[in-house]
Amino acid sequence: MIIKIFVFVFGGCIGSFLNVCIHRLPKDKSLAFPSSHCPKCEKSIKFYDNIPILSYLLLRGRCRGCSEKISPRYPIVELITAIFFLVLYLKLGFTLELVKYVFLFSILVVVSFIDIDYHAIPIYLCFIGIIGGLLFTLWPTLELLKAGVFELKALPFYKAFTGLLFGFGFTYAFKFFGDIGLDFYLKLRKQETIEGETESLGLGDVDFMGMVGVFLGMKAVVLVFFIAPFIALLYSIYAIFFKKTHLIPYLPYLSLATVITFFWGNKIFSFILGIGG
């Protein structure tokens, strides 16, 4: 029980750091300097006011210095990250796999909340995930080679790299034909853009799916790609009718589809194959 509490609290602390990444990376600001501070009164936040989740509740969502409201996004990110850490620990234990997927899920949190704010993400974020995912396969690949396993398809690095290429290629193919269809639609409607957009999918989505391929493989790329639109459908309806916009941040739905695929992907595939059989 103590270990579970520790993992949850540690996840909340990492979530606090992810909040810094979400706030500062799109603005090209340093993650280290200055220290955490109120954006209104600019006073540094004391350590006892920076305890994940708890401080927000004790301060009733306001800055101690100037009473400015603190966005509820901060405790939400901390709580989501803490839950991810705990659930991944319960599933994987203290293993290299735990570190690998904690890394992936942390990136999912960062890109999702940045995309919500900006409808775009820094291009390097997914590439950090891709490089990290490939590096995580090196040790198990070397262990298999030492054990005399030389079959290429059995090596984790090969699986991750082919997943990367498939994630890029599969998603870019849909983007390519989607852009052609969108261009035809715009010409038919005699419009140049839809609310400033001329692409069916952004390159950030392509990079993201390459990252998914590295961590979860080729089958997961297909599943994530087709689950995400169904998750996004409800918000899309709300956005069209109430916010009068066709634009939605798509990476949060790709991220949620990735989480679903990680935990239940095999069961979903078995169900689909069962129907097909």
# chains A, B, ... in the order shown; residues from 1 in each chain; ligands from 1
$ closest_atom_pairs --of "region 75-180 of chain A" --to "region 28-33 of chain A" --cutoff "12 Å" --atoms "only C-alpha atoms" --output "CSV"
residue,atom,partner,partner_atom,distance
A:Ile121,CA,A:Asp28,CA,11.6
A:Pro122,CA,A:Asp28,CA,9.2
A:Tyr124,CA,A:Asp28,CA,11.9
$ write_last_selection --atoms "N, CA and C atoms" --output "compact mmCIF listing (two decimals), in the first residue's frame"
# COMPACT_ATOMS: atom_id res chain seq x y z
N ILE A 121 1.52 21.69 -31.92
CA ILE A 121 2.51 21.34 -30.90
C ILE A 121 3.91 21.61 -31.45
N PRO A 122 4.89 21.86 -30.57
CA PRO A 122 6.27 21.96 -31.04
C PRO A 122 6.67 20.67 -31.75
N TYR A 124 9.30 19.08 -32.19
CA TYR A 124 10.29 18.19 -31.60
C TYR A 124 9.72 17.24 -30.55
$ select_by_dssp --residues "region 19-262 of chain A" --states "helix (DSSP H, G or I)" --output "mmCIF file with C-alpha atoms, in the first residue's frame"
data_model
loop_
_atom_site.group_PDB
_atom_site.id
_atom_site.type_symbol
_atom_site.label_atom_id
_atom_site.label_comp_id
_atom_site.auth_asym_id
_atom_site.auth_seq_id
_atom_site.Cartn_x
_atom_site.Cartn_y
_atom_site.Cartn_z
ATOM 1 C CA ASN A 19 2.334 21.520 -16.325
ATOM 2 C CA VAL A 20 5.518 23.564 -16.640
ATOM 3 C CA CYS A 21 6.222 21.901 -20.004
ATOM 4 C CA ILE A 22 2.676 22.579 -21.229
ATOM 5 C CA HIS A 23 2.881 26.239 -20.228
ATOM 6 C CA ARG A 24 6.431 27.052 -21.319
ATOM 7 C CA LEU A 25 7.423 24.864 -24.286
ATOM 8 C CA PRO A 26 5.063 26.506 -26.827
ATOM 9 C CA LYS A 27 6.473 29.887 -25.768
ATOM 10 C CA PHE A 47 7.192 24.931 -1.947
ATOM 11 C CA TYR A 48 4.254 24.424 0.408
ATOM 12 C CA ASP A 49 1.965 26.076 -2.146
ATOM 13 C CA LEU A 54 -3.348 19.288 -2.463
ATOM 14 C CA SER A 55 -2.137 22.907 -2.666
ATOM 15 C CA TYR A 56 -4.826 23.771 -5.210
ATOM 16 C CA LEU A 57 -7.501 22.461 -2.843
ATOM 17 C CA LEU A 58 -6.070 24.193 0.236
ATOM 18 C CA ARG A 73 -6.035 22.478 -15.574
ATOM 19 C CA TYR A 74 -3.069 22.305 -13.184
ATOM 20 C CA PRO A 75 -4.566 19.832 -10.688
ATOM 21 C CA ILE A 76 -6.274 17.981 -13.552
ATOM 22 C CA VAL A 77 -2.929 17.334 -15.266
ATOM 23 C CA GLU A 78 -1.374 16.305 -11.933
ATOM 24 C CA LEU A 79 -4.251 13.935 -11.160
ATOM 25 C CA ILE A 80 -4.270 12.368 -14.624
ATOM 26 C CA THR A 81 -0.508 11.806 -14.474
ATOM 27 C CA ALA A 82 -0.678 10.368 -10.943
ATOM 28 C CA ILE A 83 -3.406 7.922 -12.029
ATOM 29 C CA PHE A 84 -1.404 6.908 -15.105
ATOM 30 C CA PHE A 85 1.668 6.211 -12.969
ATOM 31 C CA LEU A 86 -0.293 4.113 -10.490
ATOM 32 C CA VAL A 87 -2.197 2.107 -13.114
ATOM 33 C CA LEU A 88 0.972 1.463 -15.131
ATOM 34 C CA TYR A 89 2.778 0.350 -11.973
ATOM 35 C CA LEU A 90 -0.046 -2.063 -11.122
ATOM 36 C CA LYS A 91 0.105 -3.470 -14.658
ATOM 37 C CA LEU A 92 3.871 -3.607 -15.202
ATOM 38 C CA LEU A 96 12.015 -1.152 -17.646
ATOM 39 C CA GLU A 97 8.618 -1.440 -19.335
ATOM 40 C CA LEU A 98 7.167 0.771 -16.594
ATOM 41 C CA VAL A 99 9.713 3.509 -17.306
ATOM 42 C CA LYS A 100 9.109 3.153 -21.039
ATOM 43 C CA TYR A 101 5.349 3.588 -20.848
ATOM 44 C CA VAL A 102 5.467 6.248 -18.137
ATOM 45 C CA PHE A 103 7.603 8.167 -20.624
ATOM 46 C CA LEU A 104 5.047 7.615 -23.407
ATOM 47 C CA PHE A 105 2.038 8.547 -21.285
ATOM 48 C CA SER A 106 3.784 11.700 -20.060
ATOM 49 C CA ILE A 107 4.289 12.793 -23.656
ATOM 50 C CA LEU A 108 0.619 12.046 -24.366
ATOM 51 C CA VAL A 109 -0.381 14.408 -21.554
ATOM 52 C CA VAL A 110 1.921 17.205 -22.735
ATOM 53 C CA VAL A 111 0.986 17.100 -26.435
ATOM 54 C CA SER A 112 -2.735 16.819 -25.624
ATOM 55 C CA PHE A 113 -2.932 19.894 -23.421
ATOM 56 C CA ILE A 114 -0.666 21.968 -25.668
ATOM 57 C CA ASP A 115 -2.864 21.056 -28.635
ATOM 58 C CA ILE A 116 -5.965 22.096 -26.688
ATOM 59 C CA ASP A 117 -4.445 25.551 -26.144
ATOM 60 C CA TYR A 118 -2.725 26.129 -29.501
ATOM 61 C CA TYR A 124 10.292 18.187 -31.599
ATOM 62 C CA LEU A 125 7.980 16.706 -28.948
ATOM 63 C CA CYS A 126 6.946 13.649 -30.949
ATOM 64 C CA PHE A 127 10.511 13.186 -32.166
ATOM 65 C CA ILE A 128 11.706 13.113 -28.553
ATOM 66 C CA GLY A 129 9.121 10.367 -28.035
ATOM 67 C CA ILE A 130 10.280 8.498 -31.142
ATOM 68 C CA ILE A 131 13.959 8.635 -30.175
ATOM 69 C CA GLY A 132 13.149 7.668 -26.587
ATOM 70 C CA GLY A 133 10.986 4.763 -27.734
ATOM 71 C CA LEU A 134 13.744 3.436 -30.002
ATOM 72 C CA LEU A 135 16.325 3.755 -27.220
ATOM 73 C CA PHE A 136 14.118 1.720 -24.879
ATOM 74 C CA LEU A 138 18.117 -1.324 -27.450
ATOM 75 C CA TRP A 139 18.672 -3.222 -24.195
ATOM 76 C CA PRO A 140 16.092 -5.988 -24.816
ATOM 77 C CA THR A 141 17.364 -6.261 -28.394
ATOM 78 C CA LEU A 142 20.949 -6.751 -27.166
ATOM 79 C CA GLU A 143 19.747 -9.337 -24.622
ATOM 80 C CA LEU A 144 18.092 -11.352 -27.390
ATOM 81 C CA LEU A 145 21.190 -11.128 -29.570
ATOM 82 C CA LYS A 146 23.335 -12.353 -26.670
ATOM 83 C CA LEU A 152 15.010 -9.934 -37.442
ATOM 84 C CA LYS A 153 11.252 -9.920 -36.806
ATOM 85 C CA ALA A 154 11.776 -11.040 -33.210
ATOM 86 C CA PRO A 156 12.307 -5.228 -30.409
ATOM 87 C CA PHE A 157 14.309 -2.550 -32.245
ATOM 88 C CA TYR A 158 13.191 -3.932 -35.610
ATOM 89 C CA LYS A 159 9.560 -4.027 -34.474
ATOM 90 C CA ALA A 160 9.775 -0.451 -33.205
ATOM 91 C CA PHE A 161 11.458 0.833 -36.357
ATOM 92 C CA THR A 162 8.978 -0.866 -38.688
ATOM 93 C CA GLY A 163 6.186 0.478 -36.483
ATOM 94 C CA LEU A 164 7.648 3.959 -36.929
ATOM 95 C CA LEU A 165 7.771 3.664 -40.732
ATOM 96 C CA PHE A 166 4.276 2.200 -40.858
ATOM 97 C CA GLY A 167 2.905 4.912 -38.557
ATOM 98 C CA PHE A 168 4.374 7.613 -40.789
ATOM 99 C CA GLY A 169 3.365 5.974 -44.068
ATOM 100 C CA PHE A 170 -0.144 4.858 -43.069
ATOM 101 C CA THR A 171 -1.116 8.237 -41.630
ATOM 102 C CA TYR A 172 0.528 10.276 -44.376
ATOM 103 C CA ALA A 173 -1.361 8.254 -47.002
ATOM 104 C CA PHE A 174 -4.653 9.253 -45.377
ATOM 105 C CA LYS A 175 -3.422 12.841 -45.090
ATOM 106 C CA PHE A 176 -2.427 12.900 -48.781
ATOM 107 C CA PHE A 177 -5.790 11.680 -50.075
ATOM 108 C CA GLY A 178 -7.643 13.686 -47.434
ATOM 109 C CA ASP A 179 -5.909 16.864 -48.594
ATOM 110 C CA ILE A 180 -6.891 16.109 -52.192
ATOM 111 C CA GLY A 181 -10.505 15.624 -51.126
ATOM 112 C CA LEU A 182 -10.446 18.804 -49.033
ATOM 113 C CA ASP A 183 -8.942 20.793 -51.899
ATOM 114 C CA PHE A 184 -11.699 19.546 -54.213
ATOM 115 C CA TYR A 185 -14.332 20.490 -51.611
ATOM 116 C CA LEU A 186 -12.879 23.992 -51.192
ATOM 117 C CA LYS A 187 -12.844 24.575 -54.943
ATOM 118 C CA LEU A 188 -16.412 23.307 -55.179
ATOM 119 C CA LEU A 203 1.993 16.849 -39.852
ATOM 120 C CA GLY A 204 1.963 16.771 -36.046
ATOM 121 C CA ASP A 205 -0.661 14.015 -36.297
ATOM 122 C CA VAL A 206 1.605 12.094 -38.695
ATOM 123 C CA ASP A 207 4.558 12.418 -36.312
ATOM 124 C CA PHE A 208 2.352 11.351 -33.407
ATOM 125 C CA MET A 209 1.266 8.173 -35.212
ATOM 126 C CA GLY A 210 4.887 7.371 -35.978
ATOM 127 C CA MET A 211 5.545 7.577 -32.234
ATOM 128 C CA VAL A 212 2.595 5.259 -31.569
ATOM 129 C CA GLY A 213 4.104 2.778 -34.018
ATOM 130 C CA VAL A 214 7.418 2.815 -32.152
ATOM 131 C CA PHE A 215 5.833 2.070 -28.772
ATOM 132 C CA LEU A 216 2.841 -0.101 -29.660
ATOM 133 C CA MET A 218 1.779 -1.506 -36.523
ATOM 134 C CA LYS A 219 -1.572 -3.002 -35.503
ATOM 135 C CA ALA A 220 -1.928 -0.365 -32.801
ATOM 136 C CA VAL A 221 -1.401 2.405 -35.374
ATOM 137 C CA VAL A 222 -4.450 1.202 -37.316
ATOM 138 C CA LEU A 223 -6.552 0.812 -34.172
ATOM 139 C CA VAL A 224 -5.621 4.229 -32.757
ATOM 140 C CA PHE A 225 -6.248 5.909 -36.108
ATOM 141 C CA PHE A 226 -9.788 4.525 -36.382
ATOM 142 C CA ILE A 227 -10.779 4.764 -32.693
ATOM 143 C CA ALA A 228 -9.881 8.470 -32.392
ATOM 144 C CA PRO A 229 -12.600 9.831 -34.743
ATOM 145 C CA PHE A 230 -15.321 8.060 -32.758
ATOM 146 C CA ILE A 231 -14.044 9.593 -29.522
ATOM 147 C CA ALA A 232 -13.843 13.029 -31.172
ATOM 148 C CA LEU A 233 -17.344 12.792 -32.640
ATOM 149 C CA LEU A 234 -19.247 14.049 -29.582
ATOM 150 C CA TYR A 235 -17.042 17.112 -29.117
ATOM 151 C CA SER A 236 -17.173 17.779 -32.859
ATOM 152 C CA ILE A 237 -20.967 17.964 -32.724
ATOM 153 C CA TYR A 238 -20.765 20.312 -29.739
ATOM 154 C CA ALA A 239 -18.133 22.488 -31.480
ATOM 155 C CA ILE A 240 -20.150 22.791 -34.694
ATOM 156 C CA PHE A 241 -23.498 23.612 -33.108
ATOM 157 C CA PHE A 242 -22.496 25.593 -30.011
ATOM 158 C CA LEU A 251 -4.208 15.089 -30.523
ATOM 159 C CA PRO A 252 -6.171 14.665 -27.259
ATOM 160 C CA TYR A 253 -8.398 12.139 -29.045
ATOM 161 C CA LEU A 254 -5.434 10.362 -30.624
ATOM 162 C CA SER A 255 -3.865 10.238 -27.151
ATOM 163 C CA LEU A 256 -7.014 8.813 -25.565
ATOM 164 C CA ALA A 257 -7.245 6.252 -28.380
ATOM 165 C CA THR A 258 -3.598 5.345 -27.650
ATOM 166 C CA VAL A 259 -4.404 4.779 -23.969
ATOM 167 C CA ILE A 260 -7.398 2.597 -24.901
ATOM 168 C CA THR A 261 -5.283 0.614 -27.350
ATOM 169 C CA PHE A 262 -2.507 0.115 -24.803
#
$ closest_residue --among "A:Gly12, A:Pro249, A:Gly217, A:Pro52" --to "Ala120 (chain A)" --atoms "only C-alpha atoms"
A:Pro249
$ residues_around --residues "region 66-68 of chain A" --least-positions-apart "2" --cutoff "8 Å" --atoms "only C-alpha atoms" --output "PyMOL selection string"
chain A and resi 40-41+62-64+70
$ decode --residues "region 208-253 of chain A" --atoms "N, CA and C atoms" --output "mmCIF file, in the first residue's frame"
data_model
loop_
_atom_site.group_PDB
_atom_site.id
_atom_site.type_symbol
_atom_site.label_atom_id
_atom_site.label_comp_id
_atom_site.auth_asym_id
_atom_site.auth_seq_id
_atom_site.Cartn_x
_atom_site.Cartn_y
_atom_site.Cartn_z
ATOM 1 N N PHE A 208 2.919 12.024 -34.577
ATOM 2 C CA PHE A 208 2.352 11.351 -33.407
ATOM 3 C C PHE A 208 2.115 9.867 -33.700
ATOM 4 N N MET A 209 1.563 9.565 -34.873
ATOM 5 C CA MET A 209 1.266 8.173 -35.212
ATOM 6 C C MET A 209 2.544 7.368 -35.440
ATOM 7 N N GLY A 210 3.591 8.045 -35.906
ATOM 8 C CA GLY A 210 4.887 7.371 -35.978
ATOM 9 C C GLY A 210 5.368 6.974 -34.596
ATOM 10 N N MET A 211 5.179 7.871 -33.623
ATOM 11 C CA MET A 211 5.545 7.577 -32.234
ATOM 12 C C MET A 211 4.732 6.405 -31.686
ATOM 13 N N VAL A 212 3.448 6.377 -31.995
ATOM 14 C CA VAL A 212 2.595 5.259 -31.569
ATOM 15 C C VAL A 212 3.132 3.946 -32.130
ATOM 16 N N GLY A 213 3.549 3.970 -33.395
ATOM 17 C CA GLY A 213 4.104 2.778 -34.018
ATOM 18 C C GLY A 213 5.352 2.273 -33.312
ATOM 19 N N VAL A 214 6.195 3.194 -32.865
ATOM 20 C CA VAL A 214 7.418 2.815 -32.152
ATOM 21 C C VAL A 214 7.082 2.085 -30.857
ATOM 22 N N PHE A 215 6.142 2.617 -30.089
ATOM 23 C CA PHE A 215 5.833 2.070 -28.772
ATOM 24 C C PHE A 215 4.883 0.871 -28.815
ATOM 25 N N LEU A 216 3.905 0.904 -29.724
ATOM 26 C CA LEU A 216 2.841 -0.101 -29.660
ATOM 27 C C LEU A 216 2.750 -0.997 -30.901
ATOM 28 N N GLY A 217 3.464 -0.650 -31.968
ATOM 29 C CA GLY A 217 3.468 -1.515 -33.136
ATOM 30 C C GLY A 217 2.485 -1.117 -34.220
ATOM 31 N N MET A 218 2.550 -1.860 -35.328
ATOM 32 C CA MET A 218 1.779 -1.506 -36.523
ATOM 33 C C MET A 218 0.276 -1.680 -36.322
ATOM 34 N N LYS A 219 -0.141 -2.778 -35.702
ATOM 35 C CA LYS A 219 -1.572 -3.002 -35.503
ATOM 36 C C LYS A 219 -2.188 -1.896 -34.665
ATOM 37 N N ALA A 220 -1.428 -1.428 -33.679
ATOM 38 C CA ALA A 220 -1.928 -0.365 -32.801
ATOM 39 C C ALA A 220 -2.125 0.939 -33.572
ATOM 40 N N VAL A 221 -1.259 1.194 -34.551
ATOM 41 C CA VAL A 221 -1.401 2.405 -35.374
ATOM 42 C C VAL A 221 -2.773 2.423 -36.036
ATOM 43 N N VAL A 222 -3.152 1.298 -36.625
ATOM 44 C CA VAL A 222 -4.450 1.202 -37.316
ATOM 45 C C VAL A 222 -5.589 1.397 -36.319
ATOM 46 N N LEU A 223 -5.479 0.738 -35.172
ATOM 47 C CA LEU A 223 -6.552 0.812 -34.172
ATOM 48 C C LEU A 223 -6.701 2.232 -33.630
ATOM 49 N N VAL A 224 -5.584 2.863 -33.279
ATOM 50 C CA VAL A 224 -5.621 4.229 -32.757
ATOM 51 C C VAL A 224 -6.225 5.173 -33.796
ATOM 52 N N PHE A 225 -5.794 5.007 -35.041
ATOM 53 C CA PHE A 225 -6.248 5.909 -36.108
ATOM 54 C C PHE A 225 -7.763 5.861 -36.284
ATOM 55 N N PHE A 226 -8.349 4.660 -36.137
ATOM 56 C CA PHE A 226 -9.788 4.525 -36.382
ATOM 57 C C PHE A 226 -10.638 4.669 -35.116
ATOM 58 N N ILE A 227 -10.031 4.537 -33.932
ATOM 59 C CA ILE A 227 -10.779 4.764 -32.693
ATOM 60 C C ILE A 227 -10.942 6.262 -32.447
ATOM 61 N N ALA A 228 -9.898 7.039 -32.717
ATOM 62 C CA ALA A 228 -9.881 8.470 -32.392
ATOM 63 C C ALA A 228 -11.077 9.247 -32.956
ATOM 64 N N PRO A 229 -11.462 9.050 -34.225
ATOM 65 C CA PRO A 229 -12.600 9.831 -34.743
ATOM 66 C C PRO A 229 -13.896 9.591 -33.979
ATOM 67 N N PHE A 230 -14.103 8.358 -33.510
ATOM 68 C CA PHE A 230 -15.321 8.060 -32.758
ATOM 69 C C PHE A 230 -15.323 8.777 -31.407
ATOM 70 N N ILE A 231 -14.145 8.875 -30.795
ATOM 71 C CA ILE A 231 -14.044 9.593 -29.522
ATOM 72 C C ILE A 231 -14.267 11.088 -29.751
ATOM 73 N N ALA A 232 -13.745 11.591 -30.874
ATOM 74 C CA ALA A 232 -13.843 13.029 -31.172
ATOM 75 C C ALA A 232 -15.226 13.454 -31.634
ATOM 76 N N LEU A 233 -16.063 12.473 -32.016
ATOM 77 C CA LEU A 233 -17.344 12.792 -32.640
ATOM 78 C C LEU A 233 -18.238 13.664 -31.752
ATOM 79 N N LEU A 234 -18.351 13.313 -30.477
ATOM 80 C CA LEU A 234 -19.247 14.049 -29.582
ATOM 81 C C LEU A 234 -18.820 15.512 -29.442
ATOM 82 N N TYR A 235 -17.505 15.726 -29.240
ATOM 83 C CA TYR A 235 -17.042 17.112 -29.117
ATOM 84 C C TYR A 235 -17.207 17.853 -30.440
ATOM 85 N N SER A 236 -17.020 17.143 -31.553
ATOM 86 C CA SER A 236 -17.173 17.779 -32.859
ATOM 87 C C SER A 236 -18.585 18.317 -33.038
ATOM 88 N N ILE A 237 -19.572 17.527 -32.629
ATOM 89 C CA ILE A 237 -20.967 17.964 -32.724
ATOM 90 C C ILE A 237 -21.190 19.201 -31.864
ATOM 91 N N TYR A 238 -20.648 19.161 -30.644
ATOM 92 C CA TYR A 238 -20.765 20.312 -29.739
ATOM 93 C C TYR A 238 -20.092 21.544 -30.348
ATOM 94 N N ALA A 239 -18.884 21.364 -30.913
ATOM 95 C CA ALA A 239 -18.133 22.488 -31.480
ATOM 96 C C ALA A 239 -18.866 23.108 -32.664
ATOM 97 N N ILE A 240 -19.463 22.286 -33.504
ATOM 98 C CA ILE A 240 -20.150 22.791 -34.694
ATOM 99 C C ILE A 240 -21.411 23.572 -34.319
ATOM 100 N N PHE A 241 -22.191 23.014 -33.404
ATOM 101 C CA PHE A 241 -23.498 23.612 -33.108
ATOM 102 C C PHE A 241 -23.455 24.711 -32.044
ATOM 103 N N PHE A 242 -22.512 24.625 -31.107
ATOM 104 C CA PHE A 242 -22.496 25.593 -30.011
ATOM 105 C C PHE A 242 -21.334 26.587 -30.097
ATOM 106 N N LYS A 243 -20.192 26.141 -30.607
ATOM 107 C CA LYS A 243 -19.060 27.053 -30.737
ATOM 108 C C LYS A 243 -18.910 27.581 -32.169
ATOM 109 N N LYS A 244 -19.733 27.032 -33.055
ATOM 110 C CA LYS A 244 -19.756 27.471 -34.460
ATOM 111 C C LYS A 244 -18.374 27.368 -35.110
ATOM 112 N N THR A 245 -17.714 26.260 -34.860
ATOM 113 C CA THR A 245 -16.394 26.034 -35.453
ATOM 114 C C THR A 245 -16.267 24.581 -35.875
ATOM 115 N N HIS A 246 -15.520 24.364 -36.960
ATOM 116 C CA HIS A 246 -15.231 23.012 -37.419
ATOM 117 C C HIS A 246 -13.876 22.527 -36.896
ATOM 118 N N LEU A 247 -13.141 23.403 -36.251
ATOM 119 C CA LEU A 247 -11.783 23.079 -35.820
ATOM 120 C C LEU A 247 -11.796 22.480 -34.420
ATOM 121 N N ILE A 248 -11.141 21.342 -34.272
ATOM 122 C CA ILE A 248 -11.004 20.735 -32.946
ATOM 123 C C ILE A 248 -9.545 20.323 -32.753
ATOM 124 N N PRO A 249 -9.053 20.388 -31.516
ATOM 125 C CA PRO A 249 -7.717 19.840 -31.241
ATOM 126 C C PRO A 249 -7.791 18.321 -31.307
ATOM 127 N N TYR A 250 -7.059 17.716 -32.235
ATOM 128 C CA TYR A 250 -7.236 16.280 -32.499
ATOM 129 C C TYR A 250 -6.308 15.388 -31.679
ATOM 130 N N LEU A 251 -5.163 15.922 -31.251
ATOM 131 C CA LEU A 251 -4.208 15.089 -30.523
ATOM 132 C C LEU A 251 -4.753 14.544 -29.201
ATOM 133 N N PRO A 252 -5.603 15.274 -28.466
ATOM 134 C CA PRO A 252 -6.171 14.665 -27.259
ATOM 135 C C PRO A 252 -6.941 13.380 -27.550
ATOM 136 N N TYR A 253 -7.616 13.324 -28.702
ATOM 137 C CA TYR A 253 -8.398 12.139 -29.045
ATOM 138 C C TYR A 253 -7.497 11.009 -29.537
#
